[in-house]
>>> print(open('entry26.txt').read())   # compact mmCIF, C-alpha atoms
# COMPACT_ATOMS: atom_id res chain seq x y z
CA MET A 118 27.51 -52.45 -6.83
CA VAL A 119 28.50 -50.65 -3.67
CA LEU A 120 30.61 -47.55 -3.13
CA SER A 121 33.43 -48.35 -0.74
CA ALA A 122 34.79 -45.81 1.73
CA ALA A 123 37.73 -45.32 -0.64
CA ASP A 124 35.35 -44.74 -3.58
CA LYS A 125 33.49 -42.09 -1.61
CA THR A 126 36.73 -40.35 -0.68
CA ASN A 127 37.88 -40.44 -4.30
CA VAL A 128 34.62 -39.02 -5.62
CA LYS A 129 34.47 -36.24 -3.04
CA GLY A 130 38.06 -35.45 -3.91
CA VAL A 131 37.22 -35.10 -7.60
CA PHE A 132 34.39 -32.67 -6.98
CA ALA A 133 36.44 -30.73 -4.46
CA LYS A 134 39.17 -30.35 -7.06
CA ILE A 135 36.75 -29.42 -9.83
CA GLY A 136 35.04 -26.91 -7.54
CA GLY A 137 33.22 -24.09 -9.27
CA GLN A 138 34.19 -25.42 -12.69
CA ALA A 139 31.65 -28.21 -12.30
CA GLU A 140 29.15 -26.20 -14.36
CA GLU A 141 31.56 -26.04 -17.27
CA TYR A 142 32.24 -29.75 -16.96
CA GLY A 143 28.50 -30.35 -17.17
CA GLY A 144 28.12 -28.22 -20.28
CA ASP A 145 31.12 -29.87 -21.92
CA ALA A 146 29.78 -33.33 -21.14
CA LEU A 147 26.45 -32.51 -22.72
CA GLU A 148 28.09 -31.03 -25.81
CA ARG A 149 30.13 -34.20 -26.21
CA LEU A 150 27.02 -36.32 -25.61
CA PHE A 151 25.12 -34.67 -28.45
CA VAL A 152 28.06 -34.83 -30.87
CA THR A 153 29.15 -38.38 -30.02
CA TYR A 154 25.72 -39.92 -29.55
CA PRO A 155 23.37 -37.94 -31.80
CA GLN A 156 20.39 -40.05 -30.77
CA THR A 157 20.50 -38.30 -27.38
CA LYS A 158 19.42 -35.10 -29.09
CA THR A 159 15.96 -36.59 -29.41
CA TYR A 160 15.33 -35.64 -25.80
CA PHE A 161 15.95 -31.96 -26.55
CA PRO A 162 13.84 -31.02 -29.59
CA HIS A 163 13.03 -27.77 -27.81
CA PHE A 164 16.69 -26.79 -27.39
CA ASP A 165 19.14 -24.97 -29.57
CA LEU A 166 21.87 -27.60 -29.70
CA SER A 167 24.36 -25.68 -31.83
CA LYS A 168 27.90 -25.22 -30.55
CA GLY A 169 28.10 -22.79 -27.66
CA SER A 170 24.37 -22.90 -27.05
CA ALA A 171 23.34 -21.06 -23.90
CA GLN A 172 20.60 -23.62 -23.33
CA VAL A 173 23.11 -26.49 -23.37
CA LYS A 174 25.41 -24.60 -21.00
CA GLY A 175 22.46 -23.87 -18.72
CA HIS A 176 21.38 -27.46 -18.72
CA GLY A 177 24.95 -28.57 -18.13
CA LYS A 178 24.93 -26.45 -14.98
CA LYS A 179 21.84 -28.29 -13.75
CA VAL A 180 23.35 -31.69 -14.46
CA ALA A 181 26.59 -30.76 -12.73
CA ALA A 182 24.72 -29.39 -9.73
CA ALA A 183 22.92 -32.71 -9.35
CA LEU A 184 26.22 -34.61 -9.49
CA VAL A 185 27.70 -32.27 -6.88
CA GLU A 186 24.63 -32.78 -4.70
CA ALA A 187 24.94 -36.54 -5.03
CA ALA A 188 28.65 -36.37 -4.15
CA ASN A 189 27.87 -34.21 -1.12
CA HIS A 190 25.34 -36.77 0.06
CA ILE A 191 27.20 -39.78 -1.15
CA ASP A 192 25.97 -41.95 1.72
CA ASP A 193 22.41 -41.45 0.54
CA ILE A 194 22.35 -40.67 -3.18
CA ALA A 195 18.81 -42.02 -3.46
CA GLY A 196 17.64 -39.57 -0.82
CA ALA A 197 19.53 -36.65 -2.30
CA LEU A 198 18.20 -37.25 -5.82
CA SER A 199 14.72 -38.49 -4.89
CA LYS A 200 12.90 -35.60 -6.55
CA LEU A 201 15.05 -35.89 -9.66
CA SER A 202 14.35 -39.60 -9.70
CA ASP A 203 10.60 -38.89 -9.66
CA LEU A 204 11.02 -36.36 -12.44
CA HIS A 205 12.89 -38.79 -14.68
CA ALA A 206 10.37 -41.56 -14.04
CA GLN A 207 7.20 -39.59 -14.48
CA LYS A 208 8.00 -36.79 -16.86
CA LEU A 209 11.36 -37.10 -18.63
CA ARG A 210 11.50 -40.88 -19.09
CA VAL A 211 14.98 -40.79 -20.56
CA ASP A 212 15.87 -44.35 -21.60
CA PRO A 213 18.25 -45.83 -19.02
CA VAL A 214 20.93 -46.53 -21.62
CA ASN A 215 21.58 -42.82 -21.95
CA PHE A 216 22.88 -42.37 -18.42
CA LYS A 217 25.81 -44.61 -19.29
CA LEU A 218 26.50 -42.47 -22.34
CA LEU A 219 26.47 -39.26 -20.32
CA GLY A 220 28.64 -40.94 -17.69
CA GLN A 221 31.19 -41.81 -20.38
CA CYS A 222 31.19 -38.21 -21.62
CA PHE A 223 31.63 -36.84 -18.11
CA LEU A 224 34.63 -39.11 -17.59
CA VAL A 225 36.07 -37.93 -20.90
CA VAL A 226 35.67 -34.30 -19.80
CA VAL A 227 37.46 -34.98 -16.52
CA ALA A 228 40.19 -36.78 -18.49
CA THR A 229 40.66 -33.95 -20.98
CA ARG A 230 40.62 -31.17 -18.37
CA ASN A 231 42.30 -32.87 -15.45
CA PRO A 232 44.17 -36.01 -16.53
CA SER A 233 46.33 -36.17 -13.43
CA LEU A 234 43.19 -36.27 -11.30
CA LEU A 235 41.92 -39.38 -13.07
CA THR A 236 44.23 -42.06 -11.69
CA PRO A 237 43.02 -45.62 -12.36
CA GLU A 238 41.62 -45.81 -8.82
CA VAL A 239 39.75 -42.51 -9.12
CA HIS A 240 38.56 -43.51 -12.60
CA ALA A 241 37.07 -46.67 -11.15
CA SER A 242 35.42 -44.82 -8.24
CA LEU A 243 34.01 -42.08 -10.47
CA ASP A 244 32.67 -44.64 -12.94
CA LYS A 245 30.94 -46.48 -10.08
CA PHE A 246 29.54 -43.21 -8.75
CA LEU A 247 28.14 -42.20 -12.14
CA CYS A 248 26.58 -45.66 -12.49
CA ALA A 249 25.03 -45.28 -9.03
CA VAL A 250 23.55 -41.91 -10.00
CA GLY A 251 22.09 -43.41 -13.18
CA THR A 252 20.64 -46.28 -11.19
CA VAL A 253 18.97 -43.88 -8.74
CA LEU A 254 17.54 -41.74 -11.54
CA THR A 255 15.98 -44.78 -13.22
CA ALA A 256 15.00 -46.61 -10.03
CA LYS A 257 11.34 -45.63 -10.14
CA TYR A 258 10.83 -46.23 -13.88
CA ARG A 259 8.76 -49.34 -13.28
CA MET B 107 29.86 -51.34 -44.89
CA VAL B 108 30.75 -48.48 -42.60
CA ASN B 109 30.59 -44.96 -43.95
CA TRP B 110 33.46 -42.81 -42.81
CA THR B 111 33.48 -39.16 -43.68
CA ALA B 112 36.77 -37.65 -44.77
CA GLU B 113 36.79 -35.68 -41.53
CA GLU B 114 36.33 -38.79 -39.39
CA LYS B 115 39.18 -40.57 -41.18
CA GLN B 116 41.39 -37.52 -40.73
CA LEU B 117 40.59 -37.22 -37.03
CA ILE B 118 41.27 -40.90 -36.43
CA THR B 119 44.53 -41.12 -38.35
CA ALA B 120 45.84 -37.80 -37.02
CA THR B 121 45.26 -38.92 -33.43
CA TRP B 122 46.66 -42.38 -34.09
CA ALA B 123 49.90 -40.94 -35.44
CA LYS B 124 50.58 -39.47 -32.00
CA VAL B 125 49.61 -42.51 -29.92
CA ASP B 126 52.29 -44.39 -28.03
CA VAL B 127 50.88 -47.85 -28.63
CA ALA B 128 52.82 -49.62 -25.87
CA ASP B 129 52.00 -46.96 -23.30
CA SER B 130 48.35 -46.38 -24.16
CA GLY B 131 47.68 -50.07 -24.78
CA GLY B 132 49.04 -51.04 -21.40
CA GLU B 133 47.18 -48.19 -19.74
CA ALA B 134 43.89 -49.11 -21.42
CA LEU B 135 44.06 -52.80 -20.56
CA GLY B 136 45.20 -52.02 -17.02
CA ARG B 137 42.31 -49.62 -16.47
CA LEU B 138 39.87 -52.18 -17.92
CA LEU B 139 40.98 -54.69 -15.30
CA ILE B 140 40.77 -52.07 -12.54
CA VAL B 141 37.54 -50.28 -13.46
CA TYR B 142 35.70 -53.48 -14.44
CA PRO B 143 37.38 -56.09 -12.24
CA TRP B 144 35.26 -58.94 -13.54
CA THR B 145 37.24 -58.67 -16.77
CA GLN B 146 40.16 -60.20 -14.87
CA ARG B 147 38.45 -63.55 -15.43
CA PHE B 148 40.27 -63.86 -18.76
CA PHE B 149 43.70 -63.36 -17.28
CA ASP B 150 44.17 -65.97 -14.55
CA ASN B 151 47.66 -66.67 -15.82
CA PHE B 152 48.81 -63.06 -15.70
CA GLY B 153 50.17 -63.25 -12.16
CA ASN B 154 49.64 -60.45 -9.69
CA LEU B 155 46.41 -58.53 -10.33
CA SER B 156 45.71 -57.94 -6.66
CA SER B 157 45.70 -54.13 -6.67
CA PRO B 158 45.57 -51.22 -9.12
CA THR B 159 49.30 -50.68 -8.59
CA ALA B 160 50.01 -54.36 -9.24
CA ILE B 161 47.86 -54.32 -12.37
CA ILE B 162 49.38 -51.16 -13.86
CA GLY B 163 52.88 -52.44 -13.16
CA ASN B 164 52.22 -55.99 -14.35
CA PRO B 165 54.46 -56.69 -17.37
CA LYS B 166 52.01 -59.20 -18.85
CA VAL B 167 49.26 -56.61 -18.73
CA ARG B 168 51.49 -54.08 -20.47
CA ALA B 169 52.57 -56.54 -23.11
CA HIS B 170 49.05 -57.72 -23.82
CA GLY B 171 47.75 -54.17 -23.88
CA LYS B 172 50.36 -53.32 -26.49
CA LYS B 173 49.33 -56.36 -28.53
CA VAL B 174 45.65 -55.39 -28.40
CA LEU B 175 46.26 -51.78 -29.36
CA THR B 176 48.61 -52.81 -32.17
CA SER B 177 45.69 -54.76 -33.59
CA PHE B 178 43.62 -51.62 -33.40
CA GLY B 179 46.19 -50.08 -35.70
CA ASP B 180 45.29 -52.72 -38.29
CA ALA B 181 41.68 -51.57 -38.14
CA ILE B 182 42.79 -47.99 -38.73
CA LYS B 183 44.81 -49.06 -41.76
CA ASN B 184 41.70 -50.87 -43.06
CA LEU B 185 38.89 -48.53 -42.12
CA ASP B 186 36.85 -49.54 -45.15
CA ASN B 187 37.18 -53.23 -44.43
CA ILE B 188 37.32 -53.75 -40.70
CA LYS B 189 34.95 -56.75 -40.62
CA LYS B 190 37.11 -58.67 -43.07
CA CYS B 191 40.28 -57.53 -41.37
CA PHE B 192 39.09 -58.90 -38.00
CA ALA B 193 37.29 -62.04 -39.19
CA GLN B 194 39.99 -64.37 -37.91
CA LEU B 195 40.41 -62.49 -34.65
CA SER B 196 36.66 -62.67 -34.18
CA LYS B 197 36.65 -66.43 -34.57
CA LEU B 198 39.55 -66.67 -32.15
CA HIS B 199 37.77 -64.60 -29.50
CA CYS B 200 34.67 -66.75 -29.85
CA ASP B 201 36.02 -70.25 -30.29
CA LYS B 202 39.23 -70.19 -28.31
CA LEU B 203 39.13 -67.24 -25.93
CA HIS B 204 35.37 -67.31 -25.15
CA VAL B 205 35.19 -63.57 -24.58
CA ASP B 206 31.75 -61.96 -24.22
CA PRO B 207 31.64 -59.19 -26.86
CA GLU B 208 30.45 -56.76 -24.20
CA ASN B 209 34.09 -56.69 -23.11
CA PHE B 210 35.09 -55.14 -26.44
CA ARG B 211 32.69 -52.27 -25.77
CA LEU B 212 34.06 -51.80 -22.27
CA LEU B 213 37.65 -51.72 -23.55
CA GLY B 214 36.69 -49.32 -26.31
CA ASP B 215 35.21 -46.86 -23.80
CA ILE B 216 38.30 -47.14 -21.60
CA LEU B 217 40.55 -46.48 -24.60
CA ILE B 218 38.62 -43.29 -25.33
CA ILE B 219 39.27 -42.09 -21.78
CA VAL B 220 42.98 -42.90 -22.08
CA LEU B 221 43.13 -40.91 -25.33
CA ALA B 222 41.24 -38.06 -23.68
CA ALA B 223 43.73 -37.97 -20.81
CA THR B 224 46.65 -38.12 -23.26
CA PHE B 225 45.49 -35.42 -25.64
CA GLY B 226 43.45 -33.13 -23.39
CA LYS B 227 41.65 -30.34 -25.21
CA ASP B 228 42.95 -31.65 -28.55
CA PHE B 229 40.61 -34.58 -28.03
CA THR B 230 37.75 -32.45 -29.24
CA PRO B 231 34.10 -33.53 -29.26
CA ALA B 232 34.42 -34.28 -32.99
CA CYS B 233 37.51 -36.34 -32.30
CA GLN B 234 35.76 -38.23 -29.51
CA ALA B 235 32.79 -38.87 -31.80
CA ALA B 236 35.01 -40.32 -34.54
CA TRP B 237 36.82 -42.54 -32.07
CA GLN B 238 33.64 -43.73 -30.34
CA LYS B 239 32.41 -44.71 -33.78
CA LEU B 240 35.67 -46.53 -34.46
CA VAL B 241 35.63 -48.50 -31.20
CA ARG B 242 31.99 -49.38 -31.82
CA VAL B 243 32.82 -50.63 -35.31
CA VAL B 244 35.82 -52.60 -34.04
CA ALA B 245 33.73 -54.18 -31.28
CA HIS B 246 31.06 -55.08 -33.82
CA ALA B 247 33.64 -56.61 -36.17
CA LEU B 248 35.17 -58.66 -33.36
CA ALA B 249 31.73 -59.99 -32.48
CA HIS B 250 30.70 -60.59 -36.07
CA GLU B 251 31.88 -64.18 -36.41
CA TYR B 252 30.41 -65.30 -33.10
CA HIS B 253 28.07 -68.23 -33.24
>>> encode(input="entry26.txt", output="structure tokens")
Amino acid sequence: MVLSAADKTNVKGVFAKIGGQAEEYGGDALERLFVTYPQTKTYFPHFDLSKGSAQVKGHGKKVAAALVEAANHIDDIAGALSKLSDLHAQKLRVDPVNFKLLGQCFLVVVATRNPSLLTPEVHASLDKFLCAVGTVLTAKYR
Amino acid sequence: MVNWTAEEKQLITATWAKVDVADSGGEALGRLLIVYPWTQRFFDNFGNLSSPTAIIGNPKVRAHGKKVLTSFGDAIKNLDNIKKCFAQLSKLHCDKLHVDPENFRLLGDILIIVLAATFGKDFTPACQAAWQKLVRVVAHALAHEYH
């Protein structure tokens, strides 16, 4: 699965439009992840996962920042996220299936907050991008 | 047997009451064919699927999307008996249509995004959770008679 030039333009456009709100998007996506897919909470036994949790918001910021970084270096996502990829492989070891779930939640957040932004073409590009990020983060698992 | 809480049932039926089945069905199927283009393999006879614009505007896509989402409505009317409700449809998808059940999961996820775009903030996390459960249950029911 390869990101076309059009995909890259679409993805950059999304993050340009979202701008500084990316952090909120990240927090929202995580909140939805934990509510919709409760099994994902097993990776955060050390977190307060109640609604409005500062820890979830803080972590959402981190997740969003990584997505923004990947979008800003969309020609070399593997390079941009190399350290994060190591972290997930060696320390976090989040099962690969969960990246799809978070991707779904992120798309839902974009859809709820910015439906006009998510045309079918942009939807496709963003979905591909999120898959690519998940692939990079699990690339060194074995 | 699936356990639905009263809240889940309420969230599902309340959302469903506001859904434009023709519109959302067409949108969901169209996006499935655009976002996951390999799903076009089932629709060789649908005519022009050459671009996102062609797909979204394709009358056969719209009509079939409406048909699919109308069926969803049957599941919602039979939340406590979805497997039985979809037994025949399941056999059809296996024996005649030869559809990999993974496609039901893909369509379910796309439908969630269409609902999210339609209802915005009203599509709360709790609402999303109830609907993700529903689409999972529907996909499972449609795959249940596969052999």
>>> interface_residues(input="entry26.txt", of="chain B", to="chain A", cutoff="10 Å", atoms="only C-alpha atoms", output="mmCIF file with C-alpha atoms, in the frame of the given file")
data_model
loop_
_atom_site.group_PDB
_atom_site.id
_atom_site.type_symbol
_atom_site.label_atom_id
_atom_site.label_comp_id
_atom_site.auth_asym_id
_atom_site.auth_seq_id
_atom_site.Cartn_x
_atom_site.Cartn_y
_atom_site.Cartn_z
ATOM 1 C CA GLU B 133 47.180 -48.190 -19.740
ATOM 2 C CA ALA B 134 43.890 -49.110 -21.420
ATOM 3 C CA GLY B 136 45.200 -52.020 -17.020
ATOM 4 C CA ARG B 137 42.310 -49.620 -16.470
ATOM 5 C CA LEU B 138 39.870 -52.180 -17.920
ATOM 6 C CA LEU B 139 40.980 -54.690 -15.300
ATOM 7 C CA ILE B 140 40.770 -52.070 -12.540
ATOM 8 C CA VAL B 141 37.540 -50.280 -13.460
ATOM 9 C CA TYR B 142 35.700 -53.480 -14.440
ATOM 10 C CA PRO B 143 37.380 -56.090 -12.240
ATOM 11 C CA SER B 157 45.700 -54.130 -6.670
ATOM 12 C CA PRO B 158 45.570 -51.220 -9.120
ATOM 13 C CA THR B 159 49.300 -50.680 -8.590
ATOM 14 C CA ILE B 161 47.860 -54.320 -12.370
ATOM 15 C CA ILE B 162 49.380 -51.160 -13.860
ATOM 16 C CA ASP B 215 35.210 -46.860 -23.800
ATOM 17 C CA ILE B 216 38.300 -47.140 -21.600
ATOM 18 C CA ILE B 218 38.620 -43.290 -25.330
ATOM 19 C CA ILE B 219 39.270 -42.090 -21.780
ATOM 20 C CA VAL B 220 42.980 -42.900 -22.080
ATOM 21 C CA LEU B 221 43.130 -40.910 -25.330
ATOM 22 C CA ALA B 222 41.240 -38.060 -23.680
ATOM 23 C CA ALA B 223 43.730 -37.970 -20.810
ATOM 24 C CA THR B 224 46.650 -38.120 -23.260
ATOM 25 C CA PHE B 225 45.490 -35.420 -25.640
ATOM 26 C CA GLY B 226 43.450 -33.130 -23.390
ATOM 27 C CA LYS B 227 41.650 -30.340 -25.210
ATOM 28 C CA ASP B 228 42.950 -31.650 -28.550
ATOM 29 C CA PHE B 229 40.610 -34.580 -28.030
ATOM 30 C CA THR B 230 37.750 -32.450 -29.240
ATOM 31 C CA PRO B 231 34.100 -33.530 -29.260
ATOM 32 C CA ALA B 232 34.420 -34.280 -32.990
ATOM 33 C CA CYS B 233 37.510 -36.340 -32.300
ATOM 34 C CA GLN B 234 35.760 -38.230 -29.510
ATOM 35 C CA ALA B 235 32.790 -38.870 -31.800
ATOM 36 C CA ALA B 236 35.010 -40.320 -34.540
ATOM 37 C CA TRP B 237 36.820 -42.540 -32.070
ATOM 38 C CA GLN B 238 33.640 -43.730 -30.340
ATOM 39 C CA LYS B 239 32.410 -44.710 -33.780
#
>>> residues_around(input="entry26.txt", residues="range 168-173 of chain B", least_positions_apart="3", cutoff="7 Å", atoms="all atoms listed in the file", output="MDAnalysis selection string")
chainID B and resid 127:128 131:132 134:135 164:165 176:177
>>> write_last_selection(input="entry26.txt", atoms="C-alpha atoms", output="JSON list (two decimals), in the coordinates of the input")
[["chain", "number", "residue", "atom", "x", "y", "z"],
["B", 127, "VAL", "CA", 50.88, -47.85, -28.63],
["B", 128, "ALA", "CA", 52.82, -49.62, -25.87],
["B", 131, "GLY", "CA", 47.68, -50.07, -24.78],
["B", 132, "GLY", "CA", 49.04, -51.04, -21.40],
["B", 134, "ALA", "CA", 43.89, -49.11, -21.42],
["B", 135, "LEU", "CA", 44.06, -52.80, -20.56],
["B", 164, "ASN", "CA", 52.22, -55.99, -14.35],
["B", 165, "PRO", "CA", 54.46, -56.69, -17.37],
["B", 176, "THR", "CA", 48.61, -52.81, -32.17],
["B", 177, "SER", "CA", 45.69, -54.76, -33.59]]
>>> residues_around(input="entry26.txt", residues="range 189-198 of chain A", least_positions_apart="4", cutoff="8 Å", atoms="only C-alpha atoms", output="VMD selection string")
chain A and resid 125 129 183 185 202 249 to 250 253 to 254
>>> residues_around(input="entry26.txt", residues="range 194-204 of chain B", least_positions_apart="3", cutoff="6 Å", atoms="all atoms listed in the file", output="PyMOL selection string")
chain B and resi 248-249+251-252
>>> residues_near_point(input="entry26.txt", point="(41.9, -48.5, -31.6)", cutoff="9 Å", atoms="all atoms listed in the file", output="list in words")
Trp122, Val174, Leu175, Thr176, Ser177, Phe178, Gly179, Asp180, Ala181, Ile182, Gly214, Leu217, Ile218, Trp237, Leu240, Val241 and Val244 of chain B
>>> atom_distance(input="entry26.txt", atom1="CA of Glu208 in chain B", atom2="CA of Ala193 in chain B")
17.3 Å
>>> closest_residue(input="entry26.txt", among="B:Val108, B:Ala245, B:Leu212, B:Cys191", to="Lys217 in chain A", atoms="all atoms listed in the file")
B:Leu212
>>> closest_residue(input="entry26.txt", among="A:Val119, A:Leu147, A:Ala133, A:Val180", to="Leu166 in chain A", atoms="all atoms listed in the file")
A:Leu147
>>> atom_distance(input="entry26.txt", atom1="CA of Val214 in chain A", atom2="CA of Trp144 in chain B")
20.6 Å
>>> residues_around(input="entry26.txt", residues="Cys248 in chain A", least_positions_apart="6", cutoff="9 Å", atoms="only C-alpha atoms", output="ChimeraX atom specification")
/A:118,216-217,220
>>> closest_residue(input="entry26.txt", among="A:Gly130, A:Asp165, A:Tyr160, A:Lys178", to="Asn215 in chain A", atoms="all atoms listed in the file")
A:Tyr160
>>> atom_distance(input="entry26.txt", atom1="CA of Ser167 in chain A", atom2="CA of Asp203 in chain A")
29.2 Å
>>> axis_aligned_box(input="entry26.txt", around="range 175-194 of chain A", padding_each_side="6 Å", output="lines of an AutoDock Vina configuration file")
center_x = 25.0
center_y = -32.9
center_z = -8.5
size_x = 19.3
size_y = 30.1
size_z = 32.4
>>> closest_residue(input="entry26.txt", among="B:Val205, B:Leu185, B:Ala247, B:Leu213", to="Ile118 in chain B", atoms="all atoms listed in the file")
B:Leu185
>>> closest_residue(input="entry26.txt", among="B:Ala123, B:Val167, B:Ala112, B:Val243", to="Phe152 in chain B", atoms="only C-alpha atoms")
B:Val167
>>> decode(input="entry26.txt", residues="range 232-240 of chain B", atoms="all heavy atoms", output="CSV table (one decimal), in the first residue's frame")
chain,number,residue,atom,x,y,z
B,232,ALA,N,-20.4,7.2,23.5
B,232,ALA,CA,-21.3,6.1,23.9
B,232,ALA,C,-22.1,5.7,22.7
B,232,ALA,O,-22.4,4.5,22.5
B,232,ALA,CB,-22.2,6.6,25.0
B,233,CYS,N,-22.5,6.6,21.9
B,233,CYS,CA,-23.2,6.3,20.7
B,233,CYS,C,-22.4,5.5,19.7
B,233,CYS,O,-22.8,4.5,19.2
B,233,CYS,CB,-23.7,7.6,20.0
B,233,CYS,SG,-25.0,7.5,18.9
B,234,GLN,N,-21.2,6.0,19.5
B,234,GLN,CA,-20.2,5.2,18.7
B,234,GLN,C,-20.1,3.8,19.2
B,234,GLN,O,-20.1,2.8,18.4
B,234,GLN,CB,-18.9,5.9,18.6
B,234,GLN,CG,-17.9,5.2,17.7
B,234,GLN,CD,-16.5,5.7,17.7
B,234,GLN,OE1,-16.2,6.8,18.3
B,234,GLN,NE2,-15.5,5.0,17.1
B,235,ALA,N,-19.9,3.7,20.5
B,235,ALA,CA,-19.7,2.3,21.1
B,235,ALA,C,-20.8,1.4,20.8
B,235,ALA,O,-20.7,0.3,20.4
B,235,ALA,CB,-19.4,2.4,22.6
B,236,ALA,N,-22.1,1.9,21.0
B,236,ALA,CA,-23.3,1.1,20.7
B,236,ALA,C,-23.3,0.7,19.2
B,236,ALA,O,-23.6,-0.4,18.9
B,236,ALA,CB,-24.5,1.9,21.1
B,237,TRP,N,-23.0,1.6,18.4
B,237,TRP,CA,-23.1,1.3,16.9
B,237,TRP,C,-22.0,0.4,16.5
B,237,TRP,O,-22.2,-0.4,15.6
B,237,TRP,CB,-23.1,2.6,16.1
B,237,TRP,CG,-24.5,3.1,16.0
B,237,TRP,CD1,-25.2,3.9,16.9
B,237,TRP,CD2,-25.4,2.8,14.9
B,237,TRP,NE1,-26.5,4.1,16.4
B,237,TRP,CE2,-26.7,3.5,15.2
B,237,TRP,CE3,-25.3,2.1,13.8
B,237,TRP,CZ2,-27.8,3.4,14.4
B,237,TRP,CZ3,-26.5,2.0,12.9
B,237,TRP,CH2,-27.6,2.6,13.3
B,238,GLN,N,-20.8,0.6,17.0
B,238,GLN,CA,-19.7,-0.4,16.7
B,238,GLN,C,-20.1,-1.8,17.1
B,238,GLN,O,-19.8,-2.8,16.4
B,238,GLN,CB,-18.4,0.0,17.3
B,238,GLN,CG,-17.8,1.4,16.8
B,238,GLN,CD,-17.0,1.3,15.5
B,238,GLN,OE1,-16.4,2.3,15.1
B,238,GLN,NE2,-16.9,0.2,14.9
B,239,LYS,N,-20.7,-1.9,18.3
B,239,LYS,CA,-21.2,-3.2,18.7
B,239,LYS,C,-22.2,-3.7,17.7
B,239,LYS,O,-22.2,-4.9,17.4
B,239,LYS,CB,-21.8,-3.0,20.1
B,239,LYS,CG,-22.3,-4.3,20.8
B,239,LYS,CD,-22.6,-4.1,22.2
B,239,LYS,CE,-23.4,-5.3,22.8
B,239,LYS,NZ,-23.7,-5.1,24.2
B,240,LEU,N,-23.2,-2.9,17.3
B,240,LEU,CA,-24.2,-3.3,16.4
B,240,LEU,C,-23.6,-3.8,15.1
B,240,LEU,O,-23.9,-4.9,14.6
B,240,LEU,CB,-25.2,-2.2,16.1
B,240,LEU,CG,-26.3,-2.5,15.1
B,240,LEU,CD1,-27.2,-3.6,15.5
B,240,LEU,CD2,-27.1,-1.2,14.8
